[in-house]
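Text of coords-v1.cif (mmCIF, C-alpha atoms) as supplied:
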data_protein
loop_
_atom_site.label_atom_id
_atom_site.label_comp_id
_atom_site.auth_asym_id
_atom_site.auth_seq_id
_atom_site.Cartn_x
_atom_site.Cartn_y
_atom_site.Cartn_z
CA MET T 128 -10.49 5.43 -13.37
CA LYS T 129 -11.00 4.17 -9.84
CA ALA T 130 -9.29 3.84 -6.46
CA HIS T 131 -9.48 0.83 -4.15
CA SER T 132 -8.18 0.41 -0.63
CA VAL T 133 -7.83 -2.97 1.11
CA SER T 134 -6.03 -3.81 4.33
CA PHE T 135 -4.77 -7.16 5.61
CA GLU T 136 -2.67 -8.53 8.43
CA VAL T 137 0.40 -10.74 8.61
CA GLN T 138 1.43 -12.66 11.72
CA THR T 139 5.23 -12.77 12.02
CA ARG T 140 7.24 -15.30 14.03
CA GLY T 141 10.13 -12.95 14.84
CA GLN T 142 13.01 -11.50 12.77
CA GLY T 143 13.03 -12.47 9.12
CA THR T 144 11.38 -11.98 5.73
CA TYR T 145 7.80 -13.01 4.91
CA GLU T 146 6.59 -13.03 1.32
CA ILE T 147 3.30 -11.21 0.68
CA THR T 148 3.28 -11.20 -3.14
CA THR T 149 0.24 -13.51 -3.36
CA GLN T 150 -1.89 -11.32 -1.09
CA VAL T 151 -1.01 -8.16 -3.06
CA ARG T 152 -1.61 -9.89 -6.41
CA GLU T 153 -5.08 -11.02 -5.30
CA ILE T 154 -6.02 -7.47 -4.23
CA VAL T 155 -4.91 -6.12 -7.61
CA GLU T 156 -6.83 -8.78 -9.53
CA SER T 157 -10.03 -8.19 -7.56
CA SER T 158 -9.79 -4.42 -8.14
CA GLY T 159 -10.39 -4.73 -11.86
CA VAL T 160 -7.71 -2.09 -12.57
CA ARG T 161 -5.95 -2.75 -15.92
CA ILE T 162 -3.39 0.10 -15.95
CA GLY T 163 -2.21 1.97 -12.86
CA THR T 164 -0.28 1.40 -9.64
CA ALA T 165 -0.50 -0.66 -6.47
CA THR T 166 0.88 1.02 -3.33
CA VAL T 167 1.65 -1.39 -0.49
CA PHE T 168 2.07 0.34 2.87
CA LEU T 169 3.08 -1.08 6.26
CA GLN T 170 1.69 0.72 9.33
CA HIS T 171 4.61 0.01 11.68
CA THR T 172 7.97 1.51 12.62
CA SER T 173 9.89 -1.64 13.59
CA ALA T 174 9.20 -3.69 10.46
CA SER T 175 9.45 -2.71 6.79
CA LEU T 176 8.81 -3.67 3.18
CA ILE T 177 11.27 -4.75 0.51
CA ILE T 178 11.12 -6.07 -3.02
CA PHE T 179 13.68 -8.87 -3.20
CA GLU T 180 14.88 -12.02 -4.98
CA ASN T 181 12.30 -14.70 -4.26
CA ALA T 182 13.79 -17.73 -6.01
CA ASP T 183 16.81 -18.72 -3.90
CA ARG T 184 16.33 -18.60 -0.11
CA SER T 185 20.09 -18.05 0.41
CA ALA T 186 19.80 -14.46 -0.89
CA ARG T 187 17.49 -13.66 2.03
CA VAL T 188 19.74 -15.44 4.53
CA ASP T 189 22.62 -13.18 3.41
CA LEU T 190 20.38 -10.09 3.55
CA GLU T 191 19.36 -10.79 7.13
CA ALA T 192 22.98 -11.47 8.16
CA PHE T 193 24.10 -8.21 6.52
CA PHE T 194 21.52 -6.15 8.40
CA LYS T 195 22.61 -7.71 11.72
CA HIS T 196 26.19 -6.63 10.96
CA LEU T 197 25.18 -3.19 9.66
CA VAL T 198 23.03 -2.27 12.67
CA PRO T 199 24.62 -4.13 15.61
CA GLU T 200 22.66 -4.32 18.86
CA ASP T 201 25.89 -3.80 20.83
CA ALA T 202 26.84 -0.54 19.05
CA GLY T 203 27.15 1.04 22.49
CA TYR T 204 25.53 4.39 21.75
CA PHE T 205 21.84 3.47 21.43
CA THR T 206 19.55 5.03 24.05
CA HIS T 207 16.11 4.00 22.73
CA THR T 208 16.16 0.55 24.32
CA SER T 209 13.13 0.58 26.65
CA GLU T 210 11.65 -2.38 24.73
CA GLY T 211 14.97 -4.28 24.57
CA PRO T 212 18.20 -4.32 22.54
CA ASP T 213 16.20 -4.81 19.29
CA ASP T 214 14.24 -1.57 19.80
CA ALA T 215 16.45 1.19 18.30
CA THR T 216 17.98 -1.25 15.80
CA SER T 217 14.52 -2.21 14.48
CA HIS T 218 13.63 1.41 13.74
CA ILE T 219 16.95 1.95 11.97
CA LYS T 220 16.64 -1.21 9.87
CA MET T 221 13.15 -0.03 8.92
CA VAL T 222 14.39 3.38 7.76
CA LEU T 223 17.13 1.76 5.65
CA THR T 224 14.41 -0.13 3.79
CA ARG T 225 10.84 1.12 3.23
CA SER T 226 7.34 1.67 4.62
CA SER T 227 5.86 1.50 1.11
CA GLU T 228 6.48 -0.17 -2.23
CA VAL T 229 4.78 1.08 -5.40
CA ILE T 230 4.40 -1.38 -8.29
CA PRO T 231 2.95 -0.58 -11.73
CA ILE T 232 -0.07 -2.49 -13.05
CA ALA T 233 -0.43 -3.20 -16.77
CA GLU T 234 -2.79 -5.59 -18.57
CA GLY T 235 -4.45 -6.09 -15.19
CA GLU T 236 -1.30 -7.55 -13.61
CA LEU T 237 1.38 -6.43 -11.17
CA GLN T 238 4.47 -5.67 -13.26
CA LEU T 239 6.98 -7.49 -11.06
CA GLY T 240 10.08 -8.90 -12.75
CA THR T 241 10.68 -12.64 -12.97
CA TRP T 242 12.63 -12.88 -9.71
CA GLN T 243 10.95 -10.10 -7.72
CA GLY T 244 8.77 -10.79 -4.70
CA ILE T 245 7.27 -8.39 -2.13
CA PHE T 246 8.35 -9.15 1.45
CA LEU T 247 7.53 -7.94 4.92
CA PHE T 248 10.85 -7.61 6.79
CA GLU T 249 10.27 -8.15 10.52
CA HIS T 250 12.98 -6.56 12.68
CA ARG T 251 11.66 -7.49 16.16
CA ARG T 252 12.60 -10.77 17.80
CA ALA T 253 9.12 -11.32 19.20
CA PRO T 254 6.19 -12.36 16.97
CA HIS T 255 4.01 -9.42 15.88
CA GLN T 256 0.68 -8.88 14.15
CA ARG T 257 1.46 -6.46 11.26
CA ARG T 258 -1.13 -4.44 9.35
CA LEU T 259 -0.77 -3.47 5.68
CA VAL T 260 -2.85 -1.20 3.46
CA VAL T 261 -2.90 -1.61 -0.33
CA SER T 262 -4.15 1.24 -2.54
CA VAL T 263 -4.86 0.36 -6.16
CA ILE T 264 -5.39 3.31 -8.52
CA GLY T 265 -5.97 3.23 -12.26
CA GLY T 266 -8.34 2.53 -15.11
CA MET Q 1364 -8.08 11.38 -15.28
CA LYS Q 1365 -6.08 8.71 -17.09
CA ALA Q 1366 -3.39 6.08 -16.57
CA HIS Q 1367 -0.55 5.31 -18.99
CA SER Q 1368 2.03 2.53 -18.87
CA VAL Q 1369 5.20 2.51 -20.97
CA SER Q 1370 8.25 0.25 -20.67
CA PHE Q 1371 11.78 0.74 -21.97
CA GLU Q 1372 15.17 -0.90 -21.67
CA VAL Q 1373 18.62 0.31 -20.69
CA GLN Q 1374 21.83 -1.48 -21.62
CA THR Q 1375 24.38 -1.19 -18.80
CA ARG Q 1376 28.15 -1.63 -19.15
CA GLY Q 1377 28.72 -2.98 -15.63
CA GLN Q 1378 28.70 -1.39 -12.16
CA GLY Q 1379 27.81 2.29 -12.05
CA THR Q 1380 25.05 4.87 -12.41
CA TYR Q 1381 23.17 5.56 -15.67
CA GLU Q 1382 20.93 8.61 -15.95
CA ILE Q 1383 17.42 7.95 -17.28
CA THR Q 1384 15.80 11.35 -16.59
CA THR Q 1385 15.35 12.15 -20.29
CA GLN Q 1386 13.53 8.90 -21.04
CA VAL Q 1387 11.14 9.39 -18.08
CA ARG Q 1388 10.52 13.05 -18.97
CA GLU Q 1389 9.58 12.09 -22.55
CA ILE Q 1390 7.10 9.48 -21.33
CA VAL Q 1391 5.47 12.04 -19.01
CA GLU Q 1392 5.23 14.65 -21.76
CA SER Q 1393 3.70 12.23 -24.26
CA SER Q 1394 1.11 11.11 -21.67
CA GLY Q 1395 -0.62 14.49 -21.65
CA VAL Q 1396 -1.02 14.31 -17.84
CA ARG Q 1397 -0.91 17.81 -16.27
CA ILE Q 1398 -1.21 16.94 -12.55
CA GLY Q 1399 -0.42 13.53 -11.07
CA THR Q 1400 2.50 11.16 -10.51
CA ALA Q 1401 5.06 9.21 -12.51
CA THR Q 1402 6.10 5.87 -11.00
CA VAL Q 1403 9.38 4.49 -12.38
CA PHE Q 1404 9.89 0.80 -11.63
CA LEU Q 1405 12.88 -1.46 -12.32
CA GLN Q 1406 12.09 -5.17 -12.87
CA HIS Q 1407 15.36 -6.56 -11.47
CA THR Q 1408 16.85 -7.61 -8.13
CA SER Q 1409 20.55 -6.84 -8.74
CA ALA Q 1410 20.16 -3.25 -9.95
CA SER Q 1411 18.14 -0.38 -8.49
CA LEU Q 1412 16.86 3.17 -8.89
CA ILE Q 1413 17.99 6.33 -7.15
CA ILE Q 1414 17.30 10.04 -7.43
CA PHE Q 1415 20.67 11.75 -7.13
CA GLU Q 1416 22.76 14.87 -7.79
CA ASN Q 1417 23.25 15.06 -11.55
CA ALA Q 1418 25.45 18.15 -11.91
CA ASP Q 1419 28.86 17.08 -10.57
CA ARG Q 1420 30.06 13.59 -11.55
CA SER Q 1421 32.24 13.37 -8.39
CA ALA Q 1422 29.15 12.94 -6.21
CA ARG Q 1423 28.38 9.68 -8.03
CA VAL Q 1424 32.00 8.53 -7.82
CA ASP Q 1425 31.81 8.91 -4.02
CA LEU Q 1426 28.44 7.15 -3.91
CA GLU Q 1427 29.76 4.13 -5.78
CA ALA Q 1428 32.89 3.99 -3.58
CA PHE Q 1429 30.74 4.19 -0.45
CA PHE Q 1430 28.56 1.26 -1.53
CA LYS Q 1431 31.65 -0.87 -2.24
CA HIS Q 1432 32.83 -0.20 1.33
CA LEU Q 1433 29.39 -0.66 2.88
CA VAL Q 1434 28.71 -4.03 1.23
CA PRO Q 1435 32.14 -5.63 0.79
CA GLU Q 1436 32.42 -8.69 -1.45
CA ASP Q 1437 34.89 -10.24 1.01
CA ALA Q 1438 32.59 -9.95 4.05
CA GLY Q 1439 33.15 -13.66 4.59
CA TYR Q 1440 29.62 -14.67 5.53
CA PHE Q 1441 27.81 -14.48 2.17
CA THR Q 1442 26.46 -17.80 0.87
CA HIS Q 1443 24.45 -16.62 -2.17
CA THR Q 1444 27.44 -16.51 -4.53
CA SER Q 1445 26.53 -18.99 -7.27
CA GLU Q 1446 26.79 -16.19 -9.86
CA GLY Q 1447 30.03 -14.79 -8.44
CA PRO Q 1448 31.21 -12.53 -5.57
CA ASP Q 1449 28.96 -9.68 -6.83
CA ASP Q 1450 25.80 -11.82 -6.47
CA ALA Q 1451 24.70 -11.40 -2.81
CA THR Q 1452 26.22 -7.91 -2.66
CA SER Q 1453 24.16 -6.77 -5.67
CA HIS Q 1454 20.91 -7.82 -4.03
CA ILE Q 1455 21.86 -6.04 -0.81
CA LYS Q 1456 22.88 -2.82 -2.58
CA MET Q 1457 19.55 -2.95 -4.38
CA VAL Q 1458 17.55 -3.25 -1.16
CA LEU Q 1459 19.46 -0.30 0.38
CA THR Q 1460 18.25 1.83 -2.54
CA ARG Q 1461 14.96 1.30 -4.42
CA SER Q 1462 13.01 -0.64 -7.05
CA SER Q 1463 10.74 2.37 -7.66
CA GLU Q 1464 10.83 6.14 -7.57
CA VAL Q 1465 7.63 8.21 -7.56
CA ILE Q 1466 7.81 11.79 -8.82
CA PRO Q 1467 4.94 14.31 -8.83
CA ILE Q 1468 3.78 15.91 -12.08
CA ALA Q 1469 2.48 19.50 -12.11
CA GLU Q 1470 1.84 21.82 -15.05
CA GLY Q 1471 2.57 18.82 -17.28
CA GLU Q 1472 6.13 18.47 -16.01
CA LEU Q 1473 8.10 16.17 -13.70
CA GLN Q 1474 8.62 18.10 -10.45
CA LEU Q 1475 12.31 17.27 -10.01
CA GLY Q 1476 14.45 19.80 -8.18
CA THR Q 1477 17.23 21.70 -9.95
CA TRP Q 1478 19.96 19.14 -9.20
CA GLN Q 1479 17.90 15.95 -9.16
CA GLY Q 1480 18.28 13.28 -11.81
CA ILE Q 1481 16.84 9.75 -11.97
CA PHE Q 1482 19.49 7.04 -12.27
CA LEU Q 1483 19.63 3.31 -12.81
CA PHE Q 1484 22.25 1.94 -10.37
CA GLU Q 1485 23.81 -1.22 -11.83
CA HIS Q 1486 25.34 -3.48 -9.17
CA ARG Q 1487 26.59 -6.33 -11.38
CA ARG Q 1488 30.04 -6.25 -12.97
CA ALA Q 1489 28.83 -7.71 -16.25
CA PRO Q 1490 26.77 -5.66 -18.72
CA HIS Q 1491 23.02 -6.26 -18.43
CA GLN Q 1492 19.87 -5.38 -20.35
CA ARG Q 1493 17.55 -3.78 -17.74
CA ARG Q 1494 13.80 -3.29 -18.17
CA LEU Q 1495 11.84 -0.41 -16.64
CA VAL Q 1496 8.11 0.31 -16.47
CA VAL Q 1497 6.77 3.86 -16.06
CA SER Q 1498 3.19 4.40 -14.91
CA VAL Q 1499 1.80 7.91 -15.33
CA ILE Q 1500 -1.46 8.67 -13.51
CA GLY Q 1501 -3.34 11.96 -13.32
CA GLY Q 1502 -5.53 14.50 -15.07
CA MET J 1382 -11.32 10.81 -9.45
CA LYS J 1383 -9.06 13.84 -9.17
CA ALA J 1384 -5.43 14.88 -8.79
CA HIS J 1385 -4.17 17.74 -6.61
CA SER J 1386 -0.69 19.20 -6.34
CA VAL J 1387 0.43 21.49 -3.51
CA SER J 1388 3.94 22.62 -2.58
CA PHE J 1389 5.26 24.02 0.68
CA GLU J 1390 8.57 24.92 2.25
CA VAL J 1391 10.33 23.96 5.48
CA GLN J 1392 13.11 26.00 7.05
CA THR J 1393 15.68 23.71 8.66
CA ARG J 1394 18.14 24.68 11.40
CA GLY J 1395 20.86 22.23 10.37
CA GLN J 1396 21.24 18.45 10.66
CA GLY J 1397 18.30 16.62 12.20
CA THR J 1398 14.73 15.46 11.71
CA TYR J 1399 11.75 17.81 11.28
CA GLU J 1400 8.22 16.43 11.44
CA ILE J 1401 5.92 17.44 8.56
CA THR J 1402 2.95 15.13 9.24
CA THR J 1403 0.59 18.01 10.06
CA GLN J 1404 1.31 19.85 6.81
CA VAL J 1405 0.74 16.70 4.73
CA ARG J 1406 -2.45 15.81 6.63
CA GLU J 1407 -3.89 19.28 5.98
CA ILE J 1408 -3.18 19.01 2.24
CA VAL J 1409 -4.91 15.62 2.11
CA GLU J 1410 -7.95 16.91 4.03
CA SER J 1411 -8.33 19.98 1.82
CA SER J 1412 -8.11 17.82 -1.34
CA GLY J 1413 -11.41 16.09 -0.63
CA VAL J 1414 -9.95 12.73 -1.72
CA ARG J 1415 -11.54 9.81 0.20
CA ILE J 1416 -9.60 6.85 -1.26
CA GLY J 1417 -6.24 7.12 -3.00
CA THR J 1418 -2.63 8.04 -2.27
CA ALA J 1419 -0.58 11.02 -1.11
CA THR J 1420 2.92 11.27 -2.60
CA VAL J 1421 5.28 13.52 -0.65
CA PHE J 1422 8.37 14.53 -2.64
CA LEU J 1423 11.44 16.53 -1.58
CA GLN J 1424 13.17 18.53 -4.33
CA HIS J 1425 16.72 18.34 -2.90
CA THR J 1426 19.72 16.00 -3.00
CA SER J 1427 21.26 16.70 0.43
CA ALA J 1428 18.13 16.17 2.54
CA SER J 1429 15.58 13.34 2.45
CA LEU J 1430 12.26 11.98 3.69
CA ILE J 1431 11.58 9.21 6.17
CA ILE J 1432 8.57 7.75 7.93
CA PHE J 1433 9.66 7.17 11.52
CA GLU J 1434 8.61 6.67 15.14
CA ASN J 1435 7.22 10.00 16.33
CA ALA J 1436 6.39 9.25 19.96
CA ASP J 1437 9.76 8.96 21.72
CA ARG J 1438 12.42 11.52 20.72
CA SER J 1439 15.22 9.10 21.70
CA ALA J 1440 14.52 6.94 18.63
CA ARG J 1441 15.43 9.89 16.41
CA VAL J 1442 18.53 10.68 18.47
CA ASP J 1443 19.75 7.11 17.87
CA LEU J 1444 18.88 7.33 14.16
CA GLU J 1445 20.92 10.50 13.70
CA ALA J 1446 23.87 9.01 15.63
CA PHE J 1447 23.72 5.85 13.50
CA PHE J 1448 23.85 7.81 10.24
CA LYS J 1449 26.89 9.78 11.48
CA HIS J 1450 28.66 6.46 12.15
CA LEU J 1451 27.48 4.83 8.92
CA VAL J 1452 28.61 7.68 6.64
CA PRO J 1453 31.61 9.22 8.41
CA GLU J 1454 32.89 12.58 7.17
CA ASP J 1455 36.48 11.38 7.70
CA ALA J 1456 36.12 8.24 5.54
CA GLY J 1457 39.17 9.45 3.63
CA TYR J 1458 38.04 8.61 0.09
CA PHE J 1459 35.39 11.29 -0.57
CA THR J 1460 36.20 13.71 -3.40
CA HIS J 1461 32.92 15.64 -3.68
CA THR J 1462 33.71 18.07 -0.87
CA SER J 1463 33.65 21.48 -2.57
CA GLU J 1464 30.87 22.61 -0.21
CA GLY J 1465 32.55 21.15 2.90
CA PRO J 1466 32.97 17.77 4.65
CA ASP J 1467 29.17 17.36 4.85
CA ASP J 1468 28.77 17.54 1.04
CA ALA J 1469 29.33 13.96 -0.22
CA THR J 1470 28.03 12.50 3.06
CA SER J 1471 24.73 14.42 2.70
CA HIS J 1472 24.10 12.98 -0.76
CA ILE J 1473 24.85 9.46 0.48
CA LYS J 1474 22.61 9.78 3.55
CA MET J 1475 19.88 11.01 1.22
CA VAL J 1476 20.19 8.00 -1.09
CA LEU J 1477 20.05 5.59 1.89
CA THR J 1478 16.67 7.10 2.78
CA ARG J 1479 14.19 8.58 0.27
CA SER J 1480 13.16 11.51 -1.94
CA SER J 1481 9.51 10.44 -1.77
CA GLU J 1482 7.10 8.72 0.58
CA VAL J 1483 3.75 7.39 -0.64
CA ILE J 1484 0.96 6.97 1.91
CA PRO J 1485 -2.50 5.49 1.21
CA ILE J 1486 -5.63 7.53 1.90
CA ALA J 1487 -8.83 5.81 3.06
CA GLU J 1488 -12.00 7.34 4.52
CA GLY J 1489 -10.49 10.72 3.67
CA GLU J 1490 -7.52 10.22 5.99
CA LEU J 1491 -3.81 9.42 5.68
CA GLN J 1492 -3.41 5.76 6.67
CA LEU J 1493 -0.39 6.23 8.93
CA GLY J 1494 0.05 3.78 11.78
CA THR J 1495 -0.25 4.88 15.40
CA TRP J 1496 3.46 5.66 15.84
CA GLN J 1497 4.31 6.77 12.30
CA GLY J 1498 5.20 10.36 11.46
CA ILE J 1499 6.58 11.85 8.23
CA PHE J 1500 9.91 13.64 8.69
CA LEU J 1501 12.24 15.77 6.64
CA PHE J 1502 15.79 14.54 7.39
CA GLU J 1503 18.25 17.43 6.94
CA HIS J 1504 21.82 16.25 6.28
CA ARG J 1505 23.57 19.63 5.91
CA ARG J 1506 24.98 21.46 8.92
CA ALA J 1507 23.84 24.87 7.69
CA PRO J 1508 20.16 25.90 7.80
CA HIS J 1509 18.35 25.40 4.48
CA GLN J 1510 15.01 26.31 2.92
CA ARG J 1511 13.60 22.99 1.63
CA ARG J 1512 10.77 22.67 -0.90
CA LEU J 1513 8.28 19.79 -0.95
CA VAL J 1514 5.57 18.82 -3.43
CA VAL J 1515 2.55 16.74 -2.40
CA SER J 1516 0.45 14.99 -5.05
CA VAL J 1517 -2.91 13.66 -3.90
CA ILE J 1518 -4.68 11.28 -6.31
CA GLY J 1519 -7.94 9.45 -5.79
CA GLY J 1520 -11.70 9.60 -5.63
#
Spell out the structure here as structure tokens.
Amino acid sequence: MKAHSVSFEVQTRGQGTYEITTQVREIVESSGVRIGTATVFLQHTSASLIIFENADRSARVDLEAFFKHLVPEDAGYFTHTSEGPDDATSHIKMVLTRSSEVIPIAEGELQLGTWQGIFLFEHRRAPHQRRLVVSVIGG
Amino acid sequence: MKAHSVSFEVQTRGQGTYEITTQVREIVESSGVRIGTATVFLQHTSASLIIFENADRSARVDLEAFFKHLVPEDAGYFTHTSEGPDDATSHIKMVLTRSSEVIPIAEGELQLGTWQGIFLFEHRRAPHQRRLVVSVIGG
Amino acid sequence: MKAHSVSFEVQTRGQGTYEITTQVREIVESSGVRIGTATVFLQHTSASLIIFENADRSARVDLEAFFKHLVPEDAGYFTHTSEGPDDATSHIKMVLTRSSEVIPIAEGELQLGTWQGIFLFEHRRAPHQRRLVVSVIGG
């Protein structure tokens, strides 16, 4: 049994989804863990993590449109707007998704389903440097 | 310290919630782990996992009604509909809930609260065979 | 490698967010784990956990206002109301957030970002005693 911790950064280009499956898979493979879990954690409060359909880009287009409708910038009652109209809405979109995703490892491989990818979901309009930590635990 | 990985399948009969607490509890008990965590992971992008009230069925009826209102099939702006009107909406309902649930183990037992059950939340209208992986880690 | 399990309680004063970062940090420090994960789990179905901005209180004010709009008590179709109008809505707000949060540990410390805090999100109007379990796993 062992525990590994690796961090990496992703440069976003504004609102949208950015696949990070390859980076996580490489960390798992280099850990040598055969059975266990990989915990992916994002150290920010205005971006989040999701596991989502990674085959057809249109699923992500619809997801992003839905979140714009669900958390509208012109809701009229937001007060946390010192960094702009995408300030409060970014935090709320983050809390409706996740800061971490935990994926089982078996036979030395991430146990993602056929159509599952891991994505960073950027909620701010401006480009940001985002930092992630991956903990791999197992034997 | 040890790590176990077990997978199992659930046959759904269309949209709704299906309790899987018993299956997860049995995997934890057979693992022999006394203190640690159980990670339940669903390998699909149009169904999800939730921990929810398992005593009164009406709580789940309200939950399912709420999700139908929150993510309406007739929103008008969905483009990912090649598999039907429940295609994009299923992915979005999934991302608003979870692909994994992590539950602590202590004294050899899942540390669920009195009213907590683990459920598979099927978002597609058609019946589906769903595959889950449970990773148990601990000592 | 080792696994620790510690539980603690939080007394809420009704709907709102209650920071628990200090309690979790102390459990991690006393565990002696240098690399691994901390799983925080809430044993209730009408309150939840979130990781959220902990610097500016206005972000949490907006979050709480958003959830009141998103899951309105007067939706008209809720049936699970035996404990009052905040009964079904509390379960739904819980499922839109989380029962658990998993945070990596590295160099003996929780790897939270600069602005991230762990919060208990109470959805019931009445004060409640809430019980949490923290599992720390690693080496």
query: When distances are computed from all atoms listed in the file, which of Q:Thr1408, Q:Thr1442, Q:Gln1474, Q:Ser1462 shows the smallest separation from J:Val1387?
result: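 With all atoms listed in the file as the atom set, the closest residue is Q:Gln1474.
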message: List as a ChimeraX atom specification the protein and nucleic acid residues near T:Val160, meaning an atom at most 7 Å away when only C-alpha atoms are counted, but skip any in the same chain fewer than 5 places from it.
response: /T:155,235,265-266
task: Write down, as a PyMOL selection string, each residue of chain T that has any atom within 9 Å of an atom of chain Q, counting only C-alpha atoms.
output: chain T and resi 128+162-164+177-180+183-190+192-193+197+223-225+228-233+238-243+264-266
Just want the 9 Å neighbourhood of J:Glu1410, counted on all atoms listed in the file, with same-chain residues fewer than 4 positions away dropped. Output as a PDB file with C-alpha atoms, keeping the file's coordinate frame.
ATOM      1  CA  VAL J1405       0.740  16.700   4.730  1.00  0.00           C
ATOM      2  CA  ARG J1406      -2.450  15.810   6.630  1.00  0.00           C
ATOM      3  CA  VAL J1414      -9.950  12.730  -1.720  1.00  0.00           C
ATOM      4  CA  ARG J1415     -11.540   9.810   0.200  1.00  0.00           C
ATOM      5  CA  GLY J1489     -10.490  10.720   3.670  1.00  0.00           C
ATOM      6  CA  GLU J1490      -7.520  10.220   5.990  1.00  0.00           C
ATOM      7  CA  LEU J1491      -3.810   9.420   5.680  1.00  0.00           C
TER       8      LEU J1491
END
field: Distance query 12 Å from (21.8, -6.5, -18.1) using only C-alpha atoms, result as JSON, numbers by chain
entry: {"Q": [1372, 1373, 1374, 1375, 1376, 1377, 1378, 1405, 1406, 1407, 1408, 1409, 1410, 1411, 1483, 1484, 1485, 1486, 1487, 1488, 1489, 1490, 1491, 1492, 1493, 1494, 1495]}
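Separating atom CA of Q:Gly1439 from atom CA of T:His196 is a distance of 11.8 Å.
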field: Contact residues around Q:Ile1481 with all atoms listed in the file at 6 Å, ignoring same-chain residues under 6 positions, as a list in words
entry: Glu1382, Ile1383, Thr1384 and Ile1414 of chain Q
Reconstruct N, CA and C atoms of stretch 197-212 of chain T from the incomplete input and present them as a PDB file, keeping the file's coordinate frame.
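What ended up in out02.pdb:
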ATOM      1  N   LEU T 197      25.235  -4.627   9.957  1.00  0.00           N
ATOM      2  CA  LEU T 197      25.180  -3.190   9.660  1.00  0.00           C
ATOM      3  C   LEU T 197      24.653  -2.392  10.850  1.00  0.00           C
ATOM      4  N   VAL T 198      23.667  -2.968  11.547  1.00  0.00           N
ATOM      5  CA  VAL T 198      23.030  -2.270  12.670  1.00  0.00           C
ATOM      6  C   VAL T 198      23.165  -3.147  13.917  1.00  0.00           C
ATOM      7  N   PRO T 199      24.367  -3.186  14.512  1.00  0.00           N
ATOM      8  CA  PRO T 199      24.620  -4.130  15.610  1.00  0.00           C
ATOM      9  C   PRO T 199      23.939  -3.679  16.916  1.00  0.00           C
ATOM     10  N   GLU T 200      23.352  -4.636  17.605  1.00  0.00           N
ATOM     11  CA  GLU T 200      22.660  -4.320  18.860  1.00  0.00           C
ATOM     12  C   GLU T 200      23.619  -3.811  19.933  1.00  0.00           C
ATOM     13  N   ASP T 201      24.902  -4.201  19.808  1.00  0.00           N
ATOM     14  CA  ASP T 201      25.890  -3.800  20.830  1.00  0.00           C
ATOM     15  C   ASP T 201      26.713  -2.584  20.381  1.00  0.00           C
ATOM     16  N   ALA T 202      26.105  -1.709  19.562  1.00  0.00           N
ATOM     17  CA  ALA T 202      26.840  -0.540  19.050  1.00  0.00           C
ATOM     18  C   ALA T 202      27.354   0.335  20.191  1.00  0.00           C
ATOM     19  N   GLY T 203      26.656   0.335  21.308  1.00  0.00           N
ATOM     20  CA  GLY T 203      27.150   1.040  22.490  1.00  0.00           C
ATOM     21  C   GLY T 203      26.600   2.439  22.663  1.00  0.00           C
ATOM     22  N   TYR T 204      26.028   3.009  21.619  1.00  0.00           N
ATOM     23  CA  TYR T 204      25.530   4.390  21.750  1.00  0.00           C
ATOM     24  C   TYR T 204      24.012   4.497  21.616  1.00  0.00           C
ATOM     25  N   PHE T 205      23.301   3.392  21.543  1.00  0.00           N
ATOM     26  CA  PHE T 205      21.840   3.470  21.430  1.00  0.00           C
ATOM     27  C   PHE T 205      21.214   3.745  22.798  1.00  0.00           C
ATOM     28  N   THR T 206      20.222   4.644  22.805  1.00  0.00           N
ATOM     29  CA  THR T 206      19.550   5.030  24.050  1.00  0.00           C
ATOM     30  C   THR T 206      18.077   4.595  24.062  1.00  0.00           C
ATOM     31  N   HIS T 207      17.530   4.342  22.851  1.00  0.00           N
ATOM     32  CA  HIS T 207      16.110   4.000  22.730  1.00  0.00           C
ATOM     33  C   HIS T 207      15.971   2.487  22.869  1.00  0.00           C
ATOM     34  N   THR T 208      16.103   1.997  24.093  1.00  0.00           N
ATOM     35  CA  THR T 208      16.160   0.550  24.320  1.00  0.00           C
ATOM     36  C   THR T 208      15.151   0.098  25.375  1.00  0.00           C
ATOM     37  N   SER T 209      14.093   0.915  25.589  1.00  0.00           N
ATOM     38  CA  SER T 209      13.130   0.580  26.650  1.00  0.00           C
ATOM     39  C   SER T 209      12.421  -0.738  26.366  1.00  0.00           C
ATOM     40  N   GLU T 210      12.308  -1.100  25.070  1.00  0.00           N
ATOM     41  CA  GLU T 210      11.650  -2.380  24.730  1.00  0.00           C
ATOM     42  C   GLU T 210      12.668  -3.479  24.440  1.00  0.00           C
ATOM     43  N   GLY T 211      13.957  -3.250  24.786  1.00  0.00           N
ATOM     44  CA  GLY T 211      14.970  -4.280  24.570  1.00  0.00           C
ATOM     45  C   GLY T 211      16.032  -3.849  23.583  1.00  0.00           C
ATOM     46  N   PRO T 212      17.074  -4.677  23.416  1.00  0.00           N
ATOM     47  CA  PRO T 212      18.200  -4.320  22.540  1.00  0.00           C
ATOM     48  C   PRO T 212      17.816  -4.288  21.055  1.00  0.00           C
TER      49      PRO T 212
END
